[in-house]
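A short write-up of the structure that comes next.
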Amino acid sequence: MSNLREYLVQKREALLAKRAAAAAKTPDPLLISASVRAEGRSGIRRIRIRDYQIITDSPADFAGYGLGPTAPELQLGALGSCLAHSFLIQAADHQTPIDALEVEVAAEIDARAGQPGYPEITVHPRQIRYTLRVESPASADEIATLQAAMESACPILSLLRNPHEISGSVELSGSA
């Protein structure tokens with residue numbers, strides 16, 4: 001069975017190269033974007049990011065077809081992916097061998113949120129929690145060091161813990 005050790009060697013080389021390039025000059029901020037279109041009759045939301053597409057949908061009990069994850073589920077997946085990547089970066093940086101890594105993220109959503117009589121119930125997922133499952137010959141202290149470094153370096157975890165203001169606008173066009 002293949003493990004992550006060879007990948008971590010490549011990741012460390014890439015990390016060191018990125019650090020060297022950043023130290024040589026002030027990098028321009030990277031603009032990232034996604035576009036989403038709600039599609040007719042099904043109401044699915046097609047997300048386009050670079051050359052990739054992801055479909056989100058609602059379950060059948062909410063006028064959906066279950067053709068993809070819900071947006072809150074996708075958010076948990078994004079957090080899990082970012083936690084995993086950040087942990088691997090830290091493992092590469094600390095030269096800690098990792099054979100396997102799995103991240104599970106869970107949260108609660110209350111269907112009463114936003115309904116009259118329940119002002120205390122938030123509409124966003126709450127009680128967000130993650131579990132890292134790590135297979136490694138490293139010590140528990142070494143893994144704890146990686147987790148602490150991961151938590152300070154993970155951009156999506158930081159965004160969720162320290163929300164930033166989001167601005168919005170509407171562009172209205174007529175339809176016949």
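Each chain of the structure tokens is named A, B, ... in the order shown, its residues numbered from 1; ligands are numbered from 1 in display order.
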
Counting only C-alpha atoms, which residues of region 78-151 of chain A sit at most 8 Å from some atom of region 157-163 of chain A, and what is each one's closest atom pair with its distance in Å to one decimal, listed by chain and rising residue number, as a tab-separated table?
residue	atom	partner	partner_atom	distance
A:Leu79	CA	A:Leu157	CA	6.5
A:Cys82	CA	A:Leu157	CA	7.7
A:Leu83	CA	A:Leu157	CA	7.4
A:Glu151	CA	A:Leu157	CA	7.0

I'd like a table as a tab-separated table: residues in region 69-140 of chain A with an atom no more than 12 Å from region 39-59 of chain A, each row giving the shortest atom pair and its distance in Å to one decimal, only C-alpha atoms counted, sorted by chain and rising residue number.
residue	atom	partner	partner_atom	distance
A:Pro69	CA	A:Thr56	CA	5.0
A:Thr70	CA	A:Thr56	CA	5.3
A:Ala71	CA	A:Thr56	CA	6.3
A:Pro72	CA	A:Thr56	CA	9.7
A:Glu73	CA	A:Thr56	CA	9.2
A:Leu74	CA	A:Thr56	CA	7.9
A:Gln75	CA	A:Thr56	CA	11.0

> So how far away is CA of Leu88 (chain A) from CA of Tyr7 (chain A), in Å?
Replying inline: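 Those two atoms sit 9.1 Å apart.
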
>> I'd like to know which of A:Ala60, A:Thr96, A:Ser35, A:Ile89 is closest to Asp141 (chain A), using only C-alpha atoms.
In response: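 Comparing A:Ala60, A:Thr96, A:Ser35, A:Ile89 against Asp141 (chain A), the winner is A:Thr96.
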
> Among region 39-169 of chain A, which residues carry a DSSP assignment of helix (DSSP H, G or I), reported as a PyMOL selection string?
Replying inline: chain A and resi 60-62+71-94+140-153+155-161

May I have the residues from that selection written out with N, CA and C atoms, as a compact mmCIF listing (two decimals), in the first residue's frame?
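File result-v6.txt, as written:
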# COMPACT_ATOMS: atom_id res chain seq x y z
N ALA A 60 -34.44 15.67 -1.51
CA ALA A 60 -35.80 15.60 -2.07
C ALA A 60 -36.84 16.28 -1.18
N ASP A 61 -36.64 16.25 0.14
CA ASP A 61 -37.62 16.87 1.03
C ASP A 61 -37.57 18.39 1.03
N PHE A 62 -36.66 18.97 0.21
CA PHE A 62 -36.57 20.42 0.09
C PHE A 62 -36.53 20.83 -1.38
N ALA A 71 -24.87 23.21 0.10
CA ALA A 71 -23.80 24.19 0.32
C ALA A 71 -23.15 24.03 1.69
N PRO A 72 -23.92 23.83 2.78
CA PRO A 72 -23.26 23.62 4.07
C PRO A 72 -22.38 22.36 4.09
N GLU A 73 -22.81 21.29 3.43
CA GLU A 73 -21.98 20.09 3.35
C GLU A 73 -20.70 20.37 2.57
N LEU A 74 -20.83 21.13 1.50
CA LEU A 74 -19.66 21.48 0.70
C LEU A 74 -18.69 22.32 1.53
N GLN A 75 -19.23 23.20 2.38
CA GLN A 75 -18.37 24.01 3.25
C GLN A 75 -17.58 23.12 4.20
N LEU A 76 -18.24 22.11 4.76
CA LEU A 76 -17.53 21.18 5.64
C LEU A 76 -16.45 20.43 4.85
N GLY A 77 -16.77 20.05 3.62
CA GLY A 77 -15.77 19.39 2.77
C GLY A 77 -14.60 20.31 2.48
N ALA A 78 -14.87 21.58 2.23
CA ALA A 78 -13.80 22.54 1.97
C ALA A 78 -12.92 22.70 3.21
N LEU A 79 -13.54 22.76 4.38
CA LEU A 79 -12.77 22.85 5.61
C LEU A 79 -11.91 21.60 5.79
N GLY A 80 -12.50 20.43 5.60
CA GLY A 80 -11.74 19.18 5.75
C GLY A 80 -10.58 19.10 4.78
N SER A 81 -10.81 19.50 3.54
CA SER A 81 -9.75 19.49 2.54
C SER A 81 -8.62 20.43 2.93
N CYS A 82 -8.98 21.60 3.41
CA CYS A 82 -7.97 22.60 3.80
C CYS A 82 -7.20 22.14 5.03
N LEU A 83 -7.91 21.54 5.99
CA LEU A 83 -7.23 21.00 7.17
C LEU A 83 -6.23 19.91 6.77
N ALA A 84 -6.66 19.00 5.89
CA ALA A 84 -5.78 17.92 5.44
C ALA A 84 -4.55 18.48 4.73
N HIS A 85 -4.77 19.42 3.82
CA HIS A 85 -3.66 20.00 3.07
C HIS A 85 -2.71 20.74 4.00
N SER A 86 -3.27 21.53 4.91
CA SER A 86 -2.43 22.29 5.85
C SER A 86 -1.64 21.35 6.76
N PHE A 87 -2.26 20.25 7.18
CA PHE A 87 -1.54 19.28 8.02
C PHE A 87 -0.38 18.66 7.24
N LEU A 88 -0.63 18.31 5.98
CA LEU A 88 0.44 17.73 5.16
C LEU A 88 1.56 18.74 4.91
N ILE A 89 1.21 19.99 4.73
CA ILE A 89 2.25 21.02 4.57
C ILE A 89 3.12 21.08 5.82
N GLN A 90 2.48 21.05 6.99
CA GLN A 90 3.24 21.09 8.24
C GLN A 90 4.10 19.83 8.40
N ALA A 91 3.56 18.68 8.03
CA ALA A 91 4.34 17.44 8.10
C ALA A 91 5.56 17.53 7.19
N ALA A 92 5.37 18.07 5.99
CA ALA A 92 6.49 18.24 5.06
C ALA A 92 7.51 19.22 5.64
N ASP A 93 7.01 20.34 6.18
CA ASP A 93 7.89 21.36 6.73
C ASP A 93 8.69 20.83 7.92
N HIS A 94 8.07 20.05 8.77
CA HIS A 94 8.74 19.50 9.95
C HIS A 94 9.43 18.16 9.67
N ALA A 140 3.13 11.16 19.67
CA ALA A 140 1.92 11.97 19.90
C ALA A 140 2.29 13.44 20.03
N ASP A 141 3.42 13.75 20.64
CA ASP A 141 3.86 15.15 20.77
C ASP A 141 4.18 15.76 19.41
N GLU A 142 4.82 14.99 18.54
CA GLU A 142 5.12 15.50 17.20
C GLU A 142 3.83 15.77 16.43
N ILE A 143 2.85 14.89 16.55
CA ILE A 143 1.58 15.08 15.86
C ILE A 143 0.84 16.28 16.44
N ALA A 144 0.90 16.46 17.76
CA ALA A 144 0.27 17.63 18.39
C ALA A 144 0.91 18.93 17.90
N THR A 145 2.23 18.90 17.69
CA THR A 145 2.92 20.08 17.15
C THR A 145 2.42 20.38 15.74
N LEU A 146 2.25 19.33 14.92
CA LEU A 146 1.73 19.53 13.56
C LEU A 146 0.30 20.09 13.61
N GLN A 147 -0.52 19.56 14.51
CA GLN A 147 -1.90 20.04 14.61
C GLN A 147 -1.92 21.53 14.98
N ALA A 148 -1.12 21.92 15.95
CA ALA A 148 -1.09 23.33 16.35
C ALA A 148 -0.64 24.22 15.19
N ALA A 149 0.38 23.78 14.47
CA ALA A 149 0.86 24.55 13.31
C ALA A 149 -0.20 24.59 12.22
N MET A 150 -0.88 23.45 11.99
CA MET A 150 -1.95 23.39 11.00
C MET A 150 -3.06 24.37 11.34
N GLU A 151 -3.46 24.40 12.61
CA GLU A 151 -4.55 25.28 13.02
C GLU A 151 -4.20 26.75 12.83
N SER A 152 -2.94 27.11 12.96
CA SER A 152 -2.57 28.51 12.76
C SER A 152 -2.35 28.85 11.29
N ALA A 153 -2.18 27.83 10.44
CA ALA A 153 -1.87 28.07 9.02
C ALA A 153 -3.03 27.80 8.07
N PRO A 155 -6.09 28.33 5.99
CA PRO A 155 -6.86 29.54 5.62
C PRO A 155 -8.37 29.41 5.84
N ILE A 156 -8.95 28.26 5.56
CA ILE A 156 -10.40 28.12 5.72
C ILE A 156 -10.77 28.04 7.20
N LEU A 157 -9.97 27.37 8.00
CA LEU A 157 -10.21 27.36 9.44
C LEU A 157 -10.12 28.78 9.99
N SER A 158 -9.13 29.53 9.55
CA SER A 158 -8.98 30.93 9.98
C SER A 158 -10.19 31.76 9.56
N LEU A 159 -10.65 31.58 8.34
CA LEU A 159 -11.82 32.32 7.85
C LEU A 159 -13.04 32.03 8.71
N LEU A 160 -13.25 30.77 9.05
CA LEU A 160 -14.43 30.40 9.84
C LEU A 160 -14.32 30.86 11.29
N ARG A 161 -13.12 30.84 11.82
CA ARG A 161 -12.92 31.28 13.21
C ARG A 161 -12.88 32.80 13.34
